[in-house]
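Asks: A single structure is presented below for examination.
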Amino acid sequence: MQKNMSLSALLQILFLCPFSTLTAAFNNEDPTLRTMEDFSGYPIHESHSFISNTLSSPLYADAQNLQNQIDELSRLSDTPAPSVTRVLYTEKDVLARRYIKNLMGLSGLSVREDAVGNIFGRWEGDEPELAAVATGSHTDAIPYSGKYDGVVGVLGAIEAINVLKRSGFKPKRSLEVILFTSEEPTRFGISCLGSRLLAGSEALAKALKTTFDGQNISFFDAARSAGYANDQDDLSSVFLKKGTYSAFVELHIEQGPILEDEGISIGIVTAIAAPASIKVEFEGNGGHAGAVLMPNRNDAGLAGAELALAVERHVLESGSIDSVGTVGILELHPGAINSIPSRSHLEIDTRDINEERRNIIIEKIHQSASAIAKKRQVKLTEFKIINQDPPALSEKSIIKAMEEASKELNLSHKFMISRAYHDSLFMASISDGYDLHSMLQRLQPQTRRIFIHGCHV
């Protein structure tokens, strides 16, 4: 019961972040005060004078200040506004990290960083031996992205802490804000790098020793240029144990049109789709576009194009609306208009809430790649599954808590499936039974939208 009430307390405060004010009614029936009382362990309702000492001000989120911080952080970008580009371990990424650490310090949080740059801001509870409740997201940004992606979950988490502190709230469990390293795969092709390592991925820690970016800079050289991984290449110090957190909550934009199109504020997620990434390469014979006749060609480019269409076909054949597949990268070598491609490189993303169905699609893609190579007389030089993560199903009690919180705050809601995945998917494995992931569609007063999901481990 204590755990659920702890989740509810932070969940309701996070719900407040996009809204300018919400005055707490000082009476025994107020649900927000009730959850805060259960979370903190203090009897808020003993007397009016005690209330004044414990909750010295109304519960409100400073929406304008939060928007200002989002705007300030968006200016730390390698591309002009309104876009944001902030790639892992670059100068702008380091400056953004410094900005967040400064805000954490101003909020009275104790700040630490691990060997890859995951940043933790902790508000110590009265019983610090209890597993903490954590919340956070990321601030790295793919080229030409928007300014809310990830950032809302970090700055919103800090503001949630500020709301609680302004109210005079005293937590029993410690609260921790986390900025995750490299949620985006932009530089090294690995998404959720920081949270995967926190979850204890020894395979990833080993792979990073031989991982390079497009400029042939190693992961460790890049990390050291940003002030991390200075002592050694051993990343086991980043790993956290199961049960480190009693729960994890993430605030994030929806990255889809559903809530806005339907005019709904809250999306309560019943499952997080299982993602998988595949790299494929074909190798054929190049040649002059005019000199080599069609019957004599072994065109690696056409092999890649045919496989891209096969991906679409296999996904549609699944018969499920929850199956999706995308060929996000298709590169041809040498890339000249009058040259037959001698090599093609594809990167494929496929997802489904059903892991078995997704794996069947992957196997069909592999079979098609082999058949296409044989038919077109090219070589299938690589078919590599980069990641093949399991789905996460929502815990019923967490779904109920989010539904109740939505009703208490008079926010419309619907049940949804999250086909995008974030750090919360991996934090589930080190949380003591629960993982919450909340998504905010917009901060503007006229179109606020929140998207939430809870995962059962």
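So you can find residues: chains in the structure tokens are A, B, ... in the order shown, residues in each start at 1, and ligands are numbered from 1 in order.
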Hey, what does DSSP flag as strand (DSSP E or B) within segment 82-262 of chain A? Can you give it to me as a PyMOL selection string?
Replies: chain A and resi 84-86+110-113+119-123+132-138+141-145+175-180+212+218+245-249+251-252
Asks: Grab the residues selected above and save them as a JSON list (two decimals), in the first residue's frame with N, CA and C atoms.
Replies:
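Writing done, so here's selection_2.json:
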```
[["chain", "number", "residue", "atom", "x", "y", "z"],
["A", 84, "VAL", "N", 16.12, 21.55, -32.76],
["A", 84, "VAL", "CA", 17.14, 21.30, -31.75],
["A", 84, "VAL", "C", 17.97, 20.10, -32.18],
["A", 85, "THR", "N", 19.29, 20.25, -32.16],
["A", 85, "THR", "CA", 20.22, 19.15, -32.41],
["A", 85, "THR", "C", 21.24, 19.14, -31.28],
["A", 86, "ARG", "N", 21.24, 18.06, -30.52],
["A", 86, "ARG", "CA", 22.15, 17.98, -29.38],
["A", 86, "ARG", "C", 22.61, 16.52, -29.27],
["A", 110, "SER", "N", 21.15, 16.66, -4.09],
["A", 110, "SER", "CA", 22.55, 16.22, -4.14],
["A", 110, "SER", "C", 22.78, 15.58, -5.50],
["A", 111, "VAL", "N", 23.84, 15.97, -6.19],
["A", 111, "VAL", "CA", 24.06, 15.57, -7.59],
["A", 111, "VAL", "C", 25.26, 14.64, -7.70],
["A", 112, "ARG", "N", 25.07, 13.56, -8.45],
["A", 112, "ARG", "CA", 26.19, 12.68, -8.77],
["A", 112, "ARG", "C", 26.08, 12.24, -10.23],
["A", 113, "GLU", "N", 27.19, 11.78, -10.80],
["A", 113, "GLU", "CA", 27.23, 11.28, -12.17],
["A", 113, "GLU", "C", 27.96, 9.95, -12.18],
["A", 119, "ILE", "N", 23.08, 11.29, -14.91],
["A", 119, "ILE", "CA", 23.13, 12.28, -13.84],
["A", 119, "ILE", "C", 21.96, 12.06, -12.88],
["A", 120, "PHE", "N", 22.25, 12.07, -11.59],
["A", 120, "PHE", "CA", 21.25, 11.80, -10.56],
["A", 120, "PHE", "C", 21.18, 12.97, -9.59],
["A", 121, "GLY", "N", 19.97, 13.49, -9.39],
["A", 121, "GLY", "CA", 19.74, 14.52, -8.39],
["A", 121, "GLY", "C", 18.81, 13.96, -7.33],
["A", 122, "ARG", "N", 19.29, 13.87, -6.10],
["A", 122, "ARG", "CA", 18.57, 13.13, -5.05],
["A", 122, "ARG", "C", 18.08, 14.05, -3.93],
["A", 123, "TRP", "N", 16.81, 13.87, -3.58],
["A", 123, "TRP", "CA", 16.22, 14.51, -2.40],
["A", 123, "TRP", "C", 16.08, 13.41, -1.35],
["A", 132, "ALA", "N", 14.19, 4.25, -3.36],
["A", 132, "ALA", "CA", 13.70, 5.58, -3.77],
["A", 132, "ALA", "C", 12.68, 5.48, -4.89],
["A", 133, "VAL", "N", 11.92, 6.55, -5.07],
["A", 133, "VAL", "CA", 11.08, 6.75, -6.25],
["A", 133, "VAL", "C", 11.87, 7.65, -7.20],
["A", 134, "ALA", "N", 12.05, 7.21, -8.43],
["A", 134, "ALA", "CA", 12.85, 7.97, -9.38],
["A", 134, "ALA", "C", 12.00, 8.49, -10.53],
["A", 135, "THR", "N", 12.45, 9.58, -11.13],
["A", 135, "THR", "CA", 11.77, 10.16, -12.29],
["A", 135, "THR", "C", 12.81, 10.88, -13.13],
["A", 136, "GLY", "N", 12.57, 11.01, -14.42],
["A", 136, "GLY", "CA", 13.52, 11.70, -15.29],
["A", 136, "GLY", "C", 13.36, 11.29, -16.73],
["A", 137, "SER", "N", 14.30, 11.74, -17.57],
["A", 137, "SER", "CA", 14.27, 11.42, -19.00],
["A", 137, "SER", "C", 15.63, 11.82, -19.59],
["A", 138, "HIS", "N", 15.64, 12.36, -20.79],
["A", 138, "HIS", "CA", 16.91, 12.65, -21.47],
["A", 138, "HIS", "C", 16.90, 14.06, -22.05],
["A", 141, "ALA", "N", 19.31, 15.13, -28.29],
["A", 141, "ALA", "CA", 18.28, 15.35, -29.31],
["A", 141, "ALA", "C", 18.82, 14.97, -30.68],
["A", 142, "ILE", "N", 18.02, 14.22, -31.44],
["A", 142, "ILE", "CA", 18.41, 13.86, -32.80],
["A", 142, "ILE", "C", 18.46, 15.12, -33.66],
["A", 143, "PRO", "N", 19.14, 15.09, -34.80],
["A", 143, "PRO", "CA", 19.20, 16.28, -35.65],
["A", 143, "PRO", "C", 17.81, 16.80, -36.03],
["A", 144, "TYR", "N", 17.63, 18.10, -35.84],
["A", 144, "TYR", "CA", 16.40, 18.81, -36.23],
["A", 144, "TYR", "C", 15.16, 18.28, -35.50],
["A", 145, "SER", "N", 15.32, 17.97, -34.23],
["A", 145, "SER", "CA", 14.17, 17.53, -33.44],
["A", 145, "SER", "C", 13.48, 18.73, -32.81],
["A", 175, "LEU", "N", 13.52, 10.82, -3.18],
["A", 175, "LEU", "CA", 13.10, 11.07, -4.56],
["A", 175, "LEU", "C", 14.33, 11.39, -5.38],
["A", 176, "GLU", "N", 14.42, 10.82, -6.58],
["A", 176, "GLU", "CA", 15.61, 11.01, -7.40],
["A", 176, "GLU", "C", 15.22, 11.39, -8.82],
["A", 177, "VAL", "N", 15.85, 12.44, -9.33],
["A", 177, "VAL", "CA", 15.67, 12.87, -10.71],
["A", 177, "VAL", "C", 16.86, 12.37, -11.51],
["A", 178, "ILE", "N", 16.61, 11.72, -12.65],
["A", 178, "ILE", "CA", 17.68, 11.16, -13.47],
["A", 178, "ILE", "C", 17.68, 11.77, -14.86],
["A", 179, "LEU", "N", 18.84, 12.22, -15.30],
["A", 179, "LEU", "CA", 19.06, 12.57, -16.71],
["A", 179, "LEU", "C", 19.84, 11.42, -17.33],
["A", 180, "PHE", "N", 19.21, 10.71, -18.27],
["A", 180, "PHE", "CA", 19.83, 9.54, -18.88],
["A", 180, "PHE", "C", 20.75, 9.92, -20.04],
["A", 212, "PHE", "N", 32.35, 2.60, -32.53],
["A", 212, "PHE", "CA", 32.85, 3.86, -33.09],
["A", 212, "PHE", "C", 31.70, 4.61, -33.75],
["A", 218, "SER", "N", 35.98, 6.52, -31.11],
["A", 218, "SER", "CA", 35.49, 5.46, -30.25],
["A", 218, "SER", "C", 34.55, 6.01, -29.18],
["A", 245, "TYR", "N", 15.14, 1.03, -7.11],
["A", 245, "TYR", "CA", 14.03, 1.98, -7.02],
["A", 245, "TYR", "C", 12.72, 1.23, -6.75],
["A", 246, "SER", "N", 11.87, 1.85, -5.96],
["A", 246, "SER", "CA", 10.55, 1.26, -5.74],
["A", 246, "SER", "C", 9.66, 1.51, -6.95],
["A", 247, "ALA", "N", 9.95, 2.57, -7.70],
["A", 247, "ALA", "CA", 9.19, 2.89, -8.91],
["A", 247, "ALA", "C", 9.94, 3.92, -9.71],
["A", 248, "PHE", "N", 9.63, 3.99, -10.99],
["A", 248, "PHE", "CA", 10.20, 4.99, -11.87],
["A", 248, "PHE", "C", 9.09, 5.65, -12.67],
["A", 249, "VAL", "N", 9.12, 6.97, -12.77],
["A", 249, "VAL", "CA", 8.10, 7.74, -13.48],
["A", 249, "VAL", "C", 8.78, 8.62, -14.51],
["A", 251, "LEU", "N", 8.07, 11.52, -17.61],
["A", 251, "LEU", "CA", 7.18, 12.43, -18.32],
["A", 251, "LEU", "C", 7.76, 12.65, -19.71],
["A", 252, "HIS", "N", 6.96, 12.46, -20.74],
["A", 252, "HIS", "CA", 7.49, 12.53, -22.11],
["A", 252, "HIS", "C", 6.38, 12.94, -23.07]]
```
Asks: Can you tell me which residues surround Gly256 of chain A at a distance of at most 10 Å, considering only C-alpha atoms, apart from same-chain residues fewer than 3 positions away, and format the answer as a list in words?
Replies: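 My reading of the contact set: Ile253, Leu259, Glu260, Asp261, Ser418, Arg419, Ala420 and Gln441 of chain A.
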Asks: Produce a file of the selected residues containing all heavy atoms, as a short mmCIF file (atom, residue, chain, number, x, y, z; two decimals), in the first residue's frame.
Replies:
```cif
data_model
loop_
_atom_site.label_atom_id
_atom_site.label_comp_id
_atom_site.auth_asym_id
_atom_site.auth_seq_id
_atom_site.Cartn_x
_atom_site.Cartn_y
_atom_site.Cartn_z
N ILE A 253 6.75 13.62 -24.14
CA ILE A 253 5.76 13.93 -25.16
C ILE A 253 5.28 12.64 -25.82
O ILE A 253 6.00 11.65 -25.88
CB ILE A 253 6.32 14.89 -26.23
CG1 ILE A 253 7.55 14.28 -26.91
CG2 ILE A 253 6.63 16.25 -25.63
CD1 ILE A 253 8.03 15.06 -28.11
N LEU A 259 -3.74 11.78 -29.09
CA LEU A 259 -4.36 12.54 -28.01
C LEU A 259 -4.82 13.92 -28.48
O LEU A 259 -5.91 14.37 -28.14
CB LEU A 259 -3.38 12.69 -26.83
CG LEU A 259 -2.97 11.38 -26.14
CD1 LEU A 259 -1.94 11.66 -25.06
CD2 LEU A 259 -4.18 10.68 -25.56
N GLU A 260 -3.98 14.57 -29.27
CA GLU A 260 -4.35 15.90 -29.75
C GLU A 260 -5.52 15.84 -30.71
O GLU A 260 -6.44 16.65 -30.62
CB GLU A 260 -3.15 16.57 -30.42
CG GLU A 260 -3.43 18.01 -30.79
CD GLU A 260 -2.19 18.75 -31.23
OE1 GLU A 260 -1.16 18.10 -31.46
OE2 GLU A 260 -2.24 19.98 -31.35
N ASP A 261 -5.51 14.85 -31.61
CA ASP A 261 -6.60 14.73 -32.58
C ASP A 261 -7.93 14.46 -31.88
O ASP A 261 -8.98 14.94 -32.32
CB ASP A 261 -6.31 13.59 -33.56
CG ASP A 261 -5.23 13.97 -34.58
OD1 ASP A 261 -4.85 15.16 -34.61
OD2 ASP A 261 -4.76 13.07 -35.31
N SER A 418 1.73 2.02 -26.08
CA SER A 418 2.87 2.86 -26.44
C SER A 418 3.76 2.11 -27.43
O SER A 418 4.38 1.11 -27.09
CB SER A 418 3.69 3.20 -25.19
OG SER A 418 4.85 3.91 -25.56
N ARG A 419 3.80 2.62 -28.65
CA ARG A 419 4.65 2.01 -29.66
C ARG A 419 6.04 2.66 -29.71
O ARG A 419 6.95 2.12 -30.33
CB ARG A 419 3.97 2.08 -31.03
CG ARG A 419 2.72 1.21 -31.09
CD ARG A 419 1.98 1.33 -32.41
NE ARG A 419 0.80 0.47 -32.40
CZ ARG A 419 -0.37 0.81 -31.89
NH1 ARG A 419 -0.52 2.00 -31.35
NH2 ARG A 419 -1.38 -0.03 -31.91
N ALA A 420 6.16 3.80 -29.05
CA ALA A 420 7.48 4.38 -28.84
C ALA A 420 8.00 3.86 -27.50
O ALA A 420 7.22 3.60 -26.59
CB ALA A 420 7.39 5.91 -28.80
N GLN A 441 1.83 15.69 -24.00
CA GLN A 441 1.75 16.05 -25.42
C GLN A 441 2.16 17.48 -25.68
O GLN A 441 2.97 17.76 -26.55
CB GLN A 441 0.32 15.81 -25.93
CG GLN A 441 0.05 16.29 -27.34
CD GLN A 441 0.82 15.50 -28.35
OE1 GLN A 441 1.38 14.47 -28.04
NE2 GLN A 441 0.87 15.98 -29.58
#
```
Asks: Would you mind reading off the distance between atom CA of Ser277 of chain A and atom CA of Glu184 of chain A, one decimal, in Å?
Replies: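 Computed distance, atom CA of Ser277 of chain A to atom CA of Glu184 of chain A, equals 13.5 Å.
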Asks: Give me, as a VMD selection string, all polymer residues having an atom no more than 8 Å from segment 345-352 of chain A, counting only C-alpha atoms and skipping those fewer than 4 positions away in the same chain.
Replies: chain A and resid 273 to 282 304 322 to 332 357 to 358 362 391 419
Asks: Distance atom CA of Glu363 of chain A-atom CA of Lys375 of chain A, one decimal place?
Replies: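 For atom CA of Glu363 of chain A relative to atom CA of Lys375 of chain A, the distance reads 18.4 Å.
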Asks: What are the DSSP alpha helix (DSSP H) residues of segment 135-338 of chain A, as a PyMOL selection string?
Replies: chain A and resi 151-167+193-198+202-207+219-225+258-262+300-317
Asks: How far is it from atom CA of Gly267 of chain A to atom CA of Ala157 of chain A, in Å with one decimal?
Replies: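 According to the coordinates, atom CA of Gly267 of chain A and atom CA of Ala157 of chain A are separated by 18.8 Å.
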Asks: Hey, what's within 12 Å of Gln232 of chain A if we count only C-alpha atoms and toss same-chain stuff fewer than 3 positions away? As an MDAnalysis selection string, please?
Replies: chainID A and resid 115:116 209 220:221 223:224 228:229 235:237
Asks: I'd like the contact shell of Arg313 of chain A - 10 Å cut-off, only C-alpha atoms, skipping same-chain residues fewer than 6 positions apart - returned as a PyMOL selection string.
Replies: chain A and resi 307+325+361+364-365
